[in-house]
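Asks: Pasting start-v3.txt here (compact mmCIF, C-alpha atoms):
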```
# COMPACT_ATOMS: atom_id res chain seq x y z
CA MET N 8 82.16 100.02 104.22
CA LYS N 9 85.56 99.32 105.72
CA GLY N 10 88.69 98.56 103.75
CA SER N 11 90.11 99.81 100.49
CA MET N 12 88.00 100.97 97.58
CA TYR N 13 88.81 100.39 93.92
CA SER N 14 87.75 101.73 90.56
CA ILE N 15 86.70 99.46 87.72
CA LYS N 16 90.03 100.29 86.08
CA ASP N 17 91.80 98.93 89.18
CA LEU N 18 89.87 95.67 88.86
CA GLU N 19 90.80 95.48 85.18
CA THR N 20 94.48 95.97 86.01
CA LEU N 21 94.47 93.38 88.77
CA SER N 22 92.33 90.68 87.21
CA GLY N 23 93.23 91.01 83.53
CA ILE N 24 89.51 91.20 82.73
CA LYS N 25 88.54 94.23 80.63
CA ALA N 26 86.37 96.84 82.35
CA HIS N 27 83.76 96.42 79.58
CA THR N 28 83.54 92.69 80.34
CA ILE N 29 83.23 93.33 84.08
CA ARG N 30 80.29 95.66 83.39
CA ILE N 31 78.63 92.97 81.26
CA TRP N 32 79.15 90.38 83.99
CA GLU N 33 77.55 92.72 86.52
CA LYS N 34 74.54 93.43 84.32
CA ARG N 35 73.98 89.95 82.92
CA TYR N 36 75.02 87.75 85.87
CA ASN N 37 74.86 90.06 88.91
CA LEU N 38 78.45 89.04 89.60
CA LEU N 39 79.32 92.20 91.58
CA GLU N 40 77.25 94.92 93.19
CA PRO N 41 79.51 97.97 93.37
CA GLN N 42 78.75 101.07 95.32
CA ARG N 43 78.12 104.26 93.35
CA THR N 44 79.49 107.72 93.98
CA GLY N 45 77.34 110.84 93.72
CA THR N 46 78.37 111.06 90.08
CA ASN N 47 77.45 107.39 89.45
CA ILE N 48 81.01 106.09 89.30
CA ARG N 49 81.46 102.46 90.34
CA LYS N 50 83.52 101.79 93.50
CA TYR N 51 84.48 98.28 94.62
CA CYS N 52 85.43 96.89 98.03
CA ASP N 53 87.93 94.23 99.15
CA ASP N 54 85.32 91.47 98.83
CA ASP N 55 84.65 92.54 95.24
CA LEU N 56 88.38 92.40 94.50
CA ARG N 57 88.68 88.90 95.93
CA LYS N 58 85.68 87.69 93.96
CA ILE N 59 86.79 89.09 90.60
CA LEU N 60 90.28 87.62 91.05
CA ASN N 61 88.80 84.21 91.88
CA VAL N 62 86.31 84.31 89.03
CA ALA N 63 88.88 85.59 86.54
CA MET N 64 91.21 82.74 87.41
CA LEU N 65 88.51 80.14 86.76
CA VAL N 66 87.37 81.76 83.51
CA LYS N 67 90.97 81.84 82.25
CA HIS N 68 91.08 78.09 82.85
CA GLY N 69 88.02 77.38 80.71
CA PHE N 70 85.13 77.67 83.16
CA ARG N 71 82.00 79.37 81.77
CA ILE N 72 81.12 82.64 83.44
CA SER N 73 77.43 81.73 83.26
CA LYS N 74 78.15 78.77 85.56
CA VAL N 75 80.72 80.40 87.84
CA SER N 76 78.40 83.34 88.49
CA GLU N 77 75.83 80.95 90.00
CA TRP N 78 78.29 79.49 92.52
CA CYS N 79 78.75 80.61 96.09
CA ASN N 80 82.16 81.77 97.29
CA GLU N 81 82.84 78.40 98.92
CA ARG N 82 82.22 76.54 95.64
CA ILE N 83 84.46 78.96 93.75
CA ALA N 84 87.23 78.37 96.29
CA GLU N 85 86.85 74.61 95.90
CA GLU N 86 87.15 74.84 92.12
CA ILE N 87 90.31 76.96 92.42
CA LEU N 88 91.83 74.29 94.65
CA SER N 89 91.12 71.72 91.97
CA LEU N 90 93.36 73.63 89.56
CA ASP N 91 96.46 72.60 91.53
CA ASP N 92 96.77 69.25 89.80
CA SER N 93 95.82 70.38 86.31
CA SER N 94 97.74 73.62 85.96
CA LYS N 95 101.52 73.86 86.21
CA LYS N 96 102.52 76.89 84.14
CA GLN N 97 104.54 79.69 85.73
CA SER N 98 101.76 82.22 85.17
CA ASP N 99 99.26 79.89 86.83
CA PHE N 100 101.40 79.55 89.95
CA ILE N 101 101.77 83.33 90.16
CA GLU N 102 98.06 83.85 89.72
CA ARG N 103 97.20 81.29 92.41
CA LEU N 104 99.66 82.92 94.81
CA LEU N 105 97.98 86.27 94.23
CA VAL N 106 94.49 84.91 94.84
CA SER N 107 95.47 82.97 97.95
CA THR N 108 97.44 85.93 99.38
CA VAL N 109 94.54 88.34 98.85
CA ASN N 110 92.31 85.79 100.57
CA PHE N 111 94.78 85.22 103.43
CA ASP N 112 94.48 81.51 102.61
CA GLU N 113 97.53 79.98 104.30
CA ASP N 114 96.68 76.43 103.23
CA GLN N 115 96.39 77.45 99.58
CA ILE N 116 99.60 79.52 99.69
CA ASN N 117 101.46 76.55 101.15
CA ALA N 118 99.90 74.16 98.66
CA THR N 119 100.86 76.40 95.73
CA LEU N 120 104.41 76.87 96.99
CA GLU N 121 104.84 73.14 97.63
CA ASN N 122 103.45 72.40 94.19
CA ALA N 123 105.86 74.83 92.53
CA ILE N 124 108.83 73.60 94.58
CA GLY N 125 107.94 70.02 93.71
CA GLU N 126 107.90 70.92 90.02
CA VAL N 127 111.13 72.92 89.71
CA GLY N 128 112.88 72.96 93.12
CA LEU N 129 113.04 75.74 95.70
CA GLU N 130 115.64 77.91 93.96
CA LYS N 131 113.83 78.03 90.62
CA ALA N 132 110.45 78.35 92.30
CA ILE N 133 111.67 81.54 93.97
CA THR N 134 113.41 83.02 90.91
CA LYS N 135 110.79 82.05 88.32
CA ILE N 136 107.60 82.34 90.36
CA VAL N 137 108.01 84.13 93.70
CA PHE N 138 110.15 87.07 92.52
CA PRO N 139 107.83 87.76 89.55
CA PHE N 140 104.93 87.48 92.00
CA PHE N 141 106.47 90.21 94.15
CA GLU N 142 106.92 92.39 91.06
CA GLN N 143 103.22 91.94 90.35
CA VAL N 144 102.37 92.73 93.98
CA GLY N 145 104.30 95.98 93.54
CA LEU N 146 101.95 96.88 90.69
CA TYR N 147 98.94 96.13 92.84
CA TRP N 148 100.22 98.34 95.63
CA GLN N 149 100.26 101.23 93.15
CA VAL N 150 96.49 101.01 92.87
CA GLY N 151 96.03 100.34 96.57
CA SER N 152 94.89 96.76 96.23
CA LEU N 153 97.23 94.81 98.48
CA PHE N 154 97.99 95.80 102.02
CA PRO N 155 101.49 95.52 103.49
CA ALA N 156 100.01 93.00 105.92
CA GLN N 157 99.23 90.64 103.05
CA GLU N 158 102.71 90.91 101.60
CA HIS N 159 104.23 90.28 105.03
CA TYR N 160 101.88 87.34 105.50
CA PHE N 161 103.16 85.68 102.34
CA SER N 162 106.78 86.67 102.98
CA ASN N 163 106.79 85.06 106.40
CA LEU N 164 105.49 81.78 105.02
CA LEU N 165 108.17 81.79 102.33
CA ARG N 166 110.81 82.82 104.86
CA GLN N 167 110.10 79.67 106.87
CA LYS N 168 110.71 77.50 103.81
CA ILE N 169 113.99 79.23 102.96
CA ILE N 170 115.23 78.90 106.55
CA ALA N 171 114.34 75.21 106.61
CA GLU N 172 116.30 74.64 103.39
CA THR N 173 119.19 76.76 104.73
CA ASP N 174 119.40 74.59 107.84
CA ARG N 175 119.58 71.50 105.66
CA LEU N 176 122.32 72.97 103.46
CA SER N 177 124.45 74.41 106.26
CA VAL N 178 125.94 71.02 107.09
CA LYS N 179 127.11 70.47 103.51
CA THR N 180 129.64 73.28 103.03
CA LYS N 181 132.67 72.20 101.00
CA ARG N 182 134.54 75.39 100.17
CA LYS N 183 136.85 77.38 102.40
CA GLU N 184 135.61 80.82 101.26
CA THR N 185 133.15 82.60 103.55
CA ILE N 186 130.50 85.08 102.40
CA LEU N 187 129.04 87.55 104.89
CA PHE N 188 125.36 88.45 104.42
CA TYR N 189 123.87 91.47 106.16
CA LEU N 190 121.52 94.49 105.85
CA HIS N 191 122.37 98.02 106.92
CA GLU N 192 120.59 99.80 109.74
CA ASP N 193 117.77 101.32 107.65
CA GLU N 194 117.03 98.23 105.56
CA ARG N 195 114.29 95.80 106.62
CA HIS N 196 113.63 93.72 103.49
CA GLU N 197 115.36 90.48 104.37
CA LEU N 198 113.80 87.93 102.03
CA SER N 199 116.21 88.31 99.10
CA LEU N 200 119.17 88.27 101.51
CA LEU N 201 117.96 84.99 102.99
CA PHE N 202 117.51 83.60 99.51
CA PHE N 203 121.01 84.46 98.27
CA ASN N 204 122.47 83.12 101.51
CA MET N 205 120.69 79.85 100.73
CA VAL N 206 122.05 79.90 97.17
CA ALA N 207 125.62 80.39 98.46
CA LEU N 208 125.22 77.45 100.82
CA SER N 209 123.85 75.30 97.99
CA LEU N 210 127.07 76.05 96.08
CA GLY N 211 129.17 74.84 99.00
CA PHE N 212 130.32 78.21 100.37
CA ARG N 213 130.48 78.95 104.08
CA THR N 214 128.30 81.87 105.14
CA ILE N 215 127.97 84.28 108.04
CA TYR N 216 124.38 85.49 108.21
CA LEU N 217 123.84 88.67 110.28
CA GLY N 218 120.42 89.68 108.92
CA GLN N 219 118.86 93.09 109.53
CA ASN N 220 119.96 96.28 111.22
CA VAL N 221 123.74 95.81 111.27
CA PRO N 222 125.77 98.97 112.13
CA LEU N 223 129.06 99.58 110.34
CA GLU N 224 130.88 99.43 113.68
CA ASP N 225 129.67 95.86 114.15
CA LEU N 226 131.04 94.94 110.73
CA LYS N 227 134.42 96.38 111.67
CA GLY N 228 134.51 94.41 114.93
CA LEU N 229 133.44 91.18 113.26
CA GLN N 230 136.06 91.47 110.53
CA VAL N 231 138.75 91.61 113.19
CA LYS N 232 137.53 88.43 114.89
CA LYS N 233 136.10 86.39 112.00
CA LYS N 234 137.20 87.52 108.58
CA ALA N 235 134.88 87.22 105.61
CA ASP N 236 136.23 86.61 102.12
CA MET N 237 133.22 88.22 100.42
CA VAL N 238 130.26 90.38 101.41
CA PHE N 239 126.65 90.50 100.18
CA THR N 240 124.09 93.20 101.00
CA VAL N 241 120.81 94.53 99.61
CA PHE N 242 119.32 98.01 99.15
CA ILE N 243 115.54 98.09 98.76
CA ASN N 244 114.37 100.86 101.10
CA SER N 245 114.56 104.34 99.63
CA ILE N 246 118.01 105.96 99.86
CA GLU N 247 119.50 108.99 98.09
CA LYS N 248 122.21 108.31 95.51
CA GLU N 249 124.86 110.35 97.35
CA GLU N 250 124.11 108.59 100.63
CA LEU N 251 124.26 105.22 98.89
CA GLU N 252 127.61 105.94 97.27
CA ASN N 253 129.07 107.18 100.55
CA TYR N 254 127.90 104.02 102.26
CA LEU N 255 129.49 101.83 99.59
CA LYS N 256 132.80 103.63 100.12
CA LYS N 257 132.61 102.86 103.84
CA ILE N 258 132.04 99.17 103.10
CA ALA N 259 135.09 99.22 100.83
CA GLU N 260 137.15 100.69 103.67
CA ILE N 261 136.09 97.91 106.05
CA TYR N 262 136.73 95.19 103.46
CA PRO N 263 139.70 96.43 101.39
CA GLY N 264 140.43 94.17 98.45
CA LYS N 265 137.40 91.96 99.17
CA ARG N 266 134.64 91.21 96.70
CA VAL N 267 131.37 92.87 97.63
CA PHE N 268 128.04 91.93 96.04
CA ILE N 269 125.17 94.46 96.11
CA SER N 270 121.61 94.02 94.96
CA GLY N 271 118.16 95.60 95.23
CA GLY N 272 115.91 98.16 93.57
CA GLN N 273 117.85 101.17 94.83
CA ILE N 274 120.97 99.94 93.03
CA ALA N 275 119.05 99.66 89.76
CA LEU N 276 117.44 103.06 90.35
CA HIS N 277 120.61 105.03 91.08
CA ASN N 278 123.27 103.07 89.15
CA PRO N 279 125.85 104.25 91.72
CA GLU N 280 129.57 104.63 91.13
CA LEU N 281 131.13 101.45 92.47
CA PRO N 282 134.37 100.95 94.38
CA GLN N 283 136.77 98.35 93.02
CA LYS N 284 135.70 94.70 93.32
CA PHE N 285 132.03 95.64 93.84
CA ASN N 286 129.56 93.67 91.70
CA ILE N 287 125.87 94.30 91.11
CA VAL N 288 123.77 91.13 91.41
CA THR N 289 120.58 91.16 89.34
CA SER N 290 119.96 87.42 89.16
CA VAL N 291 121.02 84.08 90.57
CA LYS N 292 122.69 83.29 87.26
CA LYS N 293 124.86 86.40 87.51
CA PHE N 294 125.68 85.70 91.17
CA LYS N 295 126.85 82.20 90.28
CA ARG N 296 128.92 83.55 87.41
CA TYR N 297 130.62 86.05 89.74
CA LEU N 298 131.45 83.17 92.08
CA GLY N 299 132.89 81.14 89.23
CA VAL N 300 130.44 78.27 89.49
```
Turn this file's structure into structure tokens for me.
Replies:
Amino acid sequence: MKGSMYSIKDLETLSGIKAHTIRIWEKRYNLLEPQRTGTNIRKYCDDDLRKILNVAMLVKHGFRISKVSEWCNERIAEEILSLDDSSKKQSDFIERLLVSTVNFDEDQINATLENAIGEVGLEKAITKIVFPFFEQVGLYWQVGSLFPAQEHYFSNLLRQKIIAETDRLSVKTKRKETILFYLHEDERHELSLLFFNMVALSLGFRTIYLGQNVPLEDLKGLQVKKKADMVFTVFINSIEKEELENYLKKIAEIYPGKRVFISGGQIALHNPELPQKFNIVTSVKKFKRYLGV
């Protein structure tokens, strides 16, 4: 069978349903039909993962397993769609995003995002729902349950929404200060950079958005022609602490006396020594406080 294979412990971790309960559901309701290894250990495929996530979501919302187990996949999907209007909690949005991403269900991803944005606005939807969702996705990657393709699939849909909001905000700048947003040459994770650029625009700041793969020489040339008052960059891809600290020193040389904001998992991991006027951004709230708004 093609695709990833999972243990019953993986399914427990991903669905929140205890392994003992999954075994009971298999025996009593024929919910899943796992393969068996030569030593009789259960192994589950991608379809099994999708089904247990879907079923778990319905059961957590009060549906009886005895009924859900009798439904076809199409009926289960229909019932999950019906949850959109009756369930608004943060955890519910995250769970629906997970299910729809695993299923590559673009319509459901969009519906869930639009629902969340309608409830709390784009900025809070990203900080309270999307970022925690990505943290959960990171856990799932550890057990091999979500492919990079699925994460990219979701990221690209979200990226489109952030860019649309950025375009709307870009004509409303009120402040004179300009913040430069960029990623260094070995960094490809652009979503958080796009998001903080959008936040800066929403606060009335002017921004210069360079995106991915920006060499230091380009930063030097740009600063001569179009000076930035502040700089924002992100470090998510793996980087050694010494290399990171050396890079930060080079940024400080290009932007002497300027405020530089840095964010990302590698900053939290290494806790690097910071040049003067460098600030670590761990949340939107902290970013706004640094900016004095």
Asks: To one decimal place, how far is CA of Val288 (chain N) from CA of Ser199 (chain N) in Å?
Replies: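 Interatomic distance here is 11.1 Å.
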Asks: Determine the nearest neighbour of Ser89 (chain N) from the options N:Val241, N:Leu65, N:Leu187, N:Leu223, counting only C-alpha atoms.
Replies: N:Leu65
Asks: Would you give me, as CSV, each residue of region 204-243 of chain N having an atom within 9 Å of an atom of region 248-269 of chain N, along with its shortest atom pair and that distance in Å to one decimal, using all atoms listed in the file and sorting by chain and residue number?
Replies:
```
residue,atom,partner,partner_atom,distance
N:Leu223,CA,N:Ile258,CA,7.8
N:Leu226,CA,N:Ile261,CA,7.5
N:Lys227,CA,N:Ile261,CA,6.1
N:Gln230,CA,N:Ile261,CA,7.8
N:Ala235,CA,N:Lys265,CA,8.4
N:Asp236,CA,N:Lys265,CA,6.2
N:Met237,CA,N:Arg266,CA,5.0
N:Val238,CA,N:Val267,CA,4.7
N:Phe239,CA,N:Phe268,CA,4.6
N:Thr240,CA,N:Ile269,CA,5.2
N:Val241,CA,N:Ile269,CA,5.6
N:Phe242,CA,N:Ile269,CA,7.5
```
Asks: Just the number, please: distance in Å from CA of Ile15 (chain N) to CA of Ile29 (chain N), one decimal.
Replies: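 Interatomic distance, CA of Ile15 (chain N) to CA of Ile29 (chain N): 7.9 Å.
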Asks: Which of these, N:Val300, N:Cys52, N:Ile133, N:Ile59, has the shortest distance to Asn80 (chain N) once you count only C-alpha atoms?
Replies: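 The closest residue to Asn80 (chain N) is N:Ile59.
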